[in-house]
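A short worksheet on the structure shown next.
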Amino acid sequence: QVQPVESGGGSVQAGDSLRLSCTFSGYWDSSRCMGWFRQAPGKEREGVATMYTGGGNPYYGDSVKGRFTISQDNKKGTLYLQMNSLNPEDTAMYFCAASGPWRDCKSGSWSLGATYDYWGQGTQVTVSS
(Lines give C-alpha, C1' and ligand atoms only; values in the text may rest on other atoms or scores of the structure.)
Protein backbone atom coordinates (compact mmCIF):
# COMPACT_ATOMS: atom_id res chain seq x y z
CA GLN A 1 0.00 0.00 0.00
CA VAL A 2 1.41 3.39 -1.05
CA GLN A 3 0.71 5.94 1.65
CA PRO A 4 1.91 9.50 1.03
CA VAL A 5 2.73 11.59 4.10
CA GLU A 6 3.22 15.34 3.71
CA SER A 7 5.25 17.67 5.90
CA GLY A 8 6.75 21.14 5.80
CA GLY A 9 3.70 23.35 5.87
CA GLY A 10 3.43 26.38 8.09
CA SER A 11 2.59 30.05 8.42
CA VAL A 12 4.77 32.53 6.55
CA GLN A 13 4.77 36.08 5.28
CA ALA A 14 4.20 37.10 1.69
CA GLY A 15 7.43 36.77 -0.27
CA ASP A 16 8.76 33.95 1.89
CA SER A 17 9.61 30.42 0.80
CA LEU A 18 8.65 26.97 2.02
CA ARG A 19 9.59 23.46 0.99
CA LEU A 20 7.05 20.71 1.30
CA SER A 21 8.08 17.09 1.50
CA CYS A 22 6.15 13.92 0.80
CA THR A 23 7.35 10.50 1.80
CA PHE A 24 5.78 7.30 0.59
CA SER A 25 5.68 4.72 3.31
CA GLY A 26 6.22 1.22 2.12
CA TYR A 27 6.87 1.87 -1.52
CA TRP A 28 8.71 4.06 -3.99
CA ASP A 29 9.38 3.27 -7.61
CA SER A 30 10.22 5.01 -10.85
CA SER A 31 6.98 4.32 -12.65
CA ARG A 32 4.39 6.63 -11.19
CA CYS A 33 2.92 10.05 -11.72
CA MET A 34 3.33 11.88 -8.42
CA GLY A 35 2.19 15.36 -7.69
CA TRP A 36 0.94 18.12 -5.47
CA PHE A 37 -2.56 19.51 -5.21
CA ARG A 38 -4.03 22.22 -3.04
CA GLN A 39 -7.44 23.22 -1.82
CA ALA A 40 -8.42 26.48 -0.20
CA PRO A 41 -11.63 26.87 1.82
CA GLY A 42 -14.60 27.24 -0.47
CA LYS A 43 -12.56 26.48 -3.58
CA GLU A 44 -12.10 23.44 -5.78
CA ARG A 45 -9.02 21.28 -5.54
CA GLU A 46 -6.30 22.60 -7.84
CA GLY A 47 -3.40 20.77 -9.46
CA VAL A 48 -0.16 22.48 -8.46
CA ALA A 49 2.63 20.38 -9.95
CA THR A 50 3.33 16.84 -11.01
CA MET A 51 6.13 14.70 -12.35
CA TYR A 52 6.77 11.20 -13.57
CA THR A 53 9.24 9.52 -11.27
CA GLY A 54 10.85 7.77 -14.22
CA GLY A 55 11.93 11.10 -15.70
CA GLY A 56 10.64 13.73 -18.09
CA ASN A 57 9.42 17.27 -17.76
CA PRO A 58 7.14 18.22 -14.90
CA TYR A 59 3.82 19.99 -15.26
CA TYR A 60 2.78 23.08 -13.32
CA GLY A 61 -0.41 24.95 -12.75
CA ASP A 62 -0.50 28.39 -14.33
CA SER A 63 -0.73 30.14 -10.97
CA VAL A 64 2.56 28.69 -9.71
CA LYS A 65 4.73 28.58 -12.83
CA GLY A 66 8.06 30.25 -12.24
CA ARG A 67 7.61 30.20 -8.45
CA PHE A 68 7.22 26.54 -7.49
CA THR A 69 9.49 23.63 -8.34
CA ILE A 70 8.71 19.95 -7.96
CA SER A 71 11.54 17.48 -7.49
CA GLN A 72 12.27 14.01 -6.20
CA ASP A 73 14.96 12.16 -4.30
CA ASN A 74 14.82 8.52 -5.33
CA LYS A 75 17.24 7.40 -2.64
CA LYS A 76 15.10 8.92 0.07
CA GLY A 77 11.81 8.04 -1.61
CA THR A 78 10.67 11.62 -1.23
CA LEU A 79 8.84 14.14 -3.37
CA TYR A 80 9.41 17.86 -2.80
CA LEU A 81 7.67 21.10 -3.63
CA GLN A 82 9.85 24.19 -3.34
CA MET A 83 7.61 27.22 -3.08
CA ASN A 84 9.11 30.67 -3.55
CA SER A 85 7.61 34.15 -3.63
CA LEU A 86 4.57 32.97 -1.73
CA ASN A 87 1.51 35.19 -1.67
CA PRO A 88 -1.78 35.03 0.26
CA GLU A 89 -3.48 33.35 -2.72
CA ASP A 90 -1.24 30.34 -2.09
CA THR A 91 -2.90 29.74 1.26
CA ALA A 92 -4.41 26.25 1.16
CA MET A 93 -4.14 22.69 2.32
CA TYR A 94 -1.53 20.99 0.18
CA PHE A 95 -1.87 17.32 -0.70
CA CYS A 96 0.56 14.85 -2.15
CA ALA A 97 -0.74 12.18 -4.50
CA ALA A 98 0.57 9.18 -6.41
CA SER A 99 -0.80 7.21 -9.30
CA GLY A 100 -0.81 3.48 -9.67
CA PRO A 101 2.28 1.84 -11.17
CA TRP A 102 3.29 2.30 -14.80
CA ARG A 103 1.16 5.37 -15.24
CA ASP A 104 2.81 8.42 -16.79
CA CYS A 105 1.74 12.01 -16.29
CA LYS A 106 -0.03 13.43 -19.34
CA SER A 107 -0.60 17.03 -20.26
CA GLY A 108 -4.35 16.58 -20.54
CA SER A 109 -4.91 14.67 -17.33
CA TRP A 110 -2.16 15.42 -14.82
CA SER A 111 -4.30 17.85 -12.87
CA LEU A 112 -7.28 15.55 -12.62
CA GLY A 113 -7.77 13.84 -9.30
CA ALA A 114 -8.79 10.64 -11.04
CA THR A 115 -5.22 10.21 -12.30
CA TYR A 116 -4.07 9.45 -8.76
CA ASP A 117 -4.87 6.50 -6.56
CA TYR A 118 -3.14 7.44 -3.33
CA TRP A 119 -3.53 10.65 -1.36
CA GLY A 120 -1.94 12.06 1.75
CA GLN A 121 -3.74 13.81 4.59
CA GLY A 122 -2.38 17.21 3.66
CA THR A 123 -0.25 19.93 5.18
CA GLN A 124 -1.49 23.48 5.74
CA VAL A 125 0.24 26.46 4.18
CA THR A 126 -0.84 29.90 5.33
CA VAL A 127 0.59 33.06 3.78
CA SER A 128 -0.14 36.41 5.35
CA SER A 129 0.31 39.78 3.72
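By convention here, the chains of the C-alpha coordinates are called A, B, ... in the order presented, each chain's residues are numbered starting at 1, and ligands are numbered starting at 1 in the order presented.
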>> I'd like the contact shell of Pro4 of chain A - 9 Å cut-off, only C-alpha atoms, skipping same-chain residues fewer than 4 positions apart - returned as a list in words.
In response: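 With the cut-off at 9 Å, the set is Cys22, Thr23, Phe24, Ser25, Phe95, Cys96, Ala97, Ala98, Tyr118, Trp119, Gly120 and Gln121 of chain A.
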> Any idea what's packed within 6 Å of segment 11-20 of chain A, counting only C-alpha atoms, ignoring anything in its chain fewer than 6 positions away? Could you give it as a list of chain:residue names?
Replying inline: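 So, after excluding close chain neighbours, the residues are A:Tyr80, A:Leu81, A:Gln82, A:Met83, A:Asn84, A:Ser85, A:Leu86, A:Asn87, A:Thr126, A:Val127, A:Ser128, A:Ser129.
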> Looking only at the backbone, which of the residues in chain A does DSSP tag as strand (DSSP E), as an NGL selection string?
Replying inline: :A and (3-7 or 10-13 or 18-25 or 33-39 or 46-52 or 59-60 or 68-73 or 78-83 or 92-98 or 118-119 or 123-128)
Go through segment 2-32 of chain A and flag each residue having an atom no more than 9 Å from segment 99-112 of chain A; for those, report the closest pair of atoms plus their distance in Å to one decimal, using only C-alpha atoms, ordered by chain and rising number, as a tab-separated table.
```
residue	atom	partner	partner_atom	distance
A:Val2	CA	A:Gly100	CA	8.9
A:Asp29	CA	A:Pro101	CA	8.1
A:Ser30	CA	A:Trp102	CA	8.4
A:Ser31	CA	A:Trp102	CA	4.7
A:Arg32	CA	A:Pro101	CA	5.2
```
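Taking atom CA of Ser63 of chain A as the reference point, atom CA of Arg45 of chain A is found at 13.3 Å.
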> Among chain A, which ones does DSSP place in helix (DSSP H, G or I), written as number ranges by chain?
Replying inline: A: 88-90, 113-115
Let's have the selection written as a PDB file, in the first residue's frame, with all heavy atoms.
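Printed below is again.pdb as written:
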```pdb
ATOM      1  N   PRO A  88      -0.591  35.504  -0.480  1.00  0.00           N
ATOM      2  CA  PRO A  88      -1.779  35.032   0.256  1.00  0.00           C
ATOM      3  C   PRO A  88      -2.676  34.104  -0.553  1.00  0.00           C
ATOM      4  O   PRO A  88      -3.358  33.251   0.036  1.00  0.00           O
ATOM      5  CB  PRO A  88      -2.497  36.334   0.611  1.00  0.00           C
ATOM      6  CG  PRO A  88      -1.390  37.337   0.740  1.00  0.00           C
ATOM      7  CD  PRO A  88      -0.422  36.964  -0.345  1.00  0.00           C
ATOM      8  N   GLU A  89      -2.658  34.237  -1.883  1.00  0.00           N
ATOM      9  CA  GLU A  89      -3.478  33.353  -2.718  1.00  0.00           C
ATOM     10  C   GLU A  89      -2.964  31.910  -2.712  1.00  0.00           C
ATOM     11  O   GLU A  89      -3.655  31.011  -3.192  1.00  0.00           O
ATOM     12  CB  GLU A  89      -3.531  33.871  -4.146  1.00  0.00           C
ATOM     13  CG  GLU A  89      -4.344  35.151  -4.363  1.00  0.00           C
ATOM     14  CD  GLU A  89      -3.693  36.363  -3.729  1.00  0.00           C
ATOM     15  OE1 GLU A  89      -2.443  36.483  -3.805  1.00  0.00           O
ATOM     16  OE2 GLU A  89      -4.413  37.190  -3.147  1.00  0.00           O
ATOM     17  N   ASP A  90      -1.780  31.692  -2.196  1.00  0.00           N
ATOM     18  CA  ASP A  90      -1.235  30.335  -2.089  1.00  0.00           C
ATOM     19  C   ASP A  90      -1.699  29.634  -0.819  1.00  0.00           C
ATOM     20  O   ASP A  90      -1.403  28.446  -0.626  1.00  0.00           O
ATOM     21  CB  ASP A  90       0.295  30.369  -2.101  1.00  0.00           C
ATOM     22  CG  ASP A  90       0.856  30.884  -3.416  1.00  0.00           C
ATOM     23  OD1 ASP A  90       0.362  30.465  -4.479  1.00  0.00           O
ATOM     24  OD2 ASP A  90       1.793  31.713  -3.364  1.00  0.00           O
ATOM     25  N   GLY A 113      -7.921  14.692 -10.468  1.00  0.00           N
ATOM     26  CA  GLY A 113      -7.771  13.837  -9.301  1.00  0.00           C
ATOM     27  C   GLY A 113      -7.861  12.368  -9.634  1.00  0.00           C
ATOM     28  O   GLY A 113      -7.224  11.541  -8.981  1.00  0.00           O
ATOM     29  N   ALA A 114      -8.613  12.042 -10.674  1.00  0.00           N
ATOM     30  CA  ALA A 114      -8.795  10.642 -11.041  1.00  0.00           C
ATOM     31  C   ALA A 114      -7.513   9.976 -11.523  1.00  0.00           C
ATOM     32  O   ALA A 114      -7.434   8.749 -11.583  1.00  0.00           O
ATOM     33  CB  ALA A 114      -9.868  10.530 -12.115  1.00  0.00           C
ATOM     34  N   THR A 115      -6.497  10.771 -11.861  1.00  0.00           N
ATOM     35  CA  THR A 115      -5.220  10.212 -12.301  1.00  0.00           C
ATOM     36  C   THR A 115      -4.492   9.519 -11.153  1.00  0.00           C
ATOM     37  O   THR A 115      -3.656   8.658 -11.372  1.00  0.00           O
ATOM     38  CB  THR A 115      -4.342  11.332 -12.883  1.00  0.00           C
ATOM     39  OG1 THR A 115      -4.982  11.866 -14.051  1.00  0.00           O
ATOM     40  CG2 THR A 115      -2.952  10.864 -13.232  1.00  0.00           C
TER      41      THR A 115
END
```
>> Could you list, as number ranges by chain, every residue within 9 Å of Tyr94 of chain A, counting only C-alpha atoms and ignoring same-chain residues fewer than 5 positions away?
In response: A: 6, 9, 20, 36-40, 48, 121-125
> Given the choices A:Trp28, A:Val5, A:Tyr116, A:Gly55, which gets closest to Lys75 of chain A if the distance is worked out from only C-alpha atoms?
Replying inline: A:Trp28
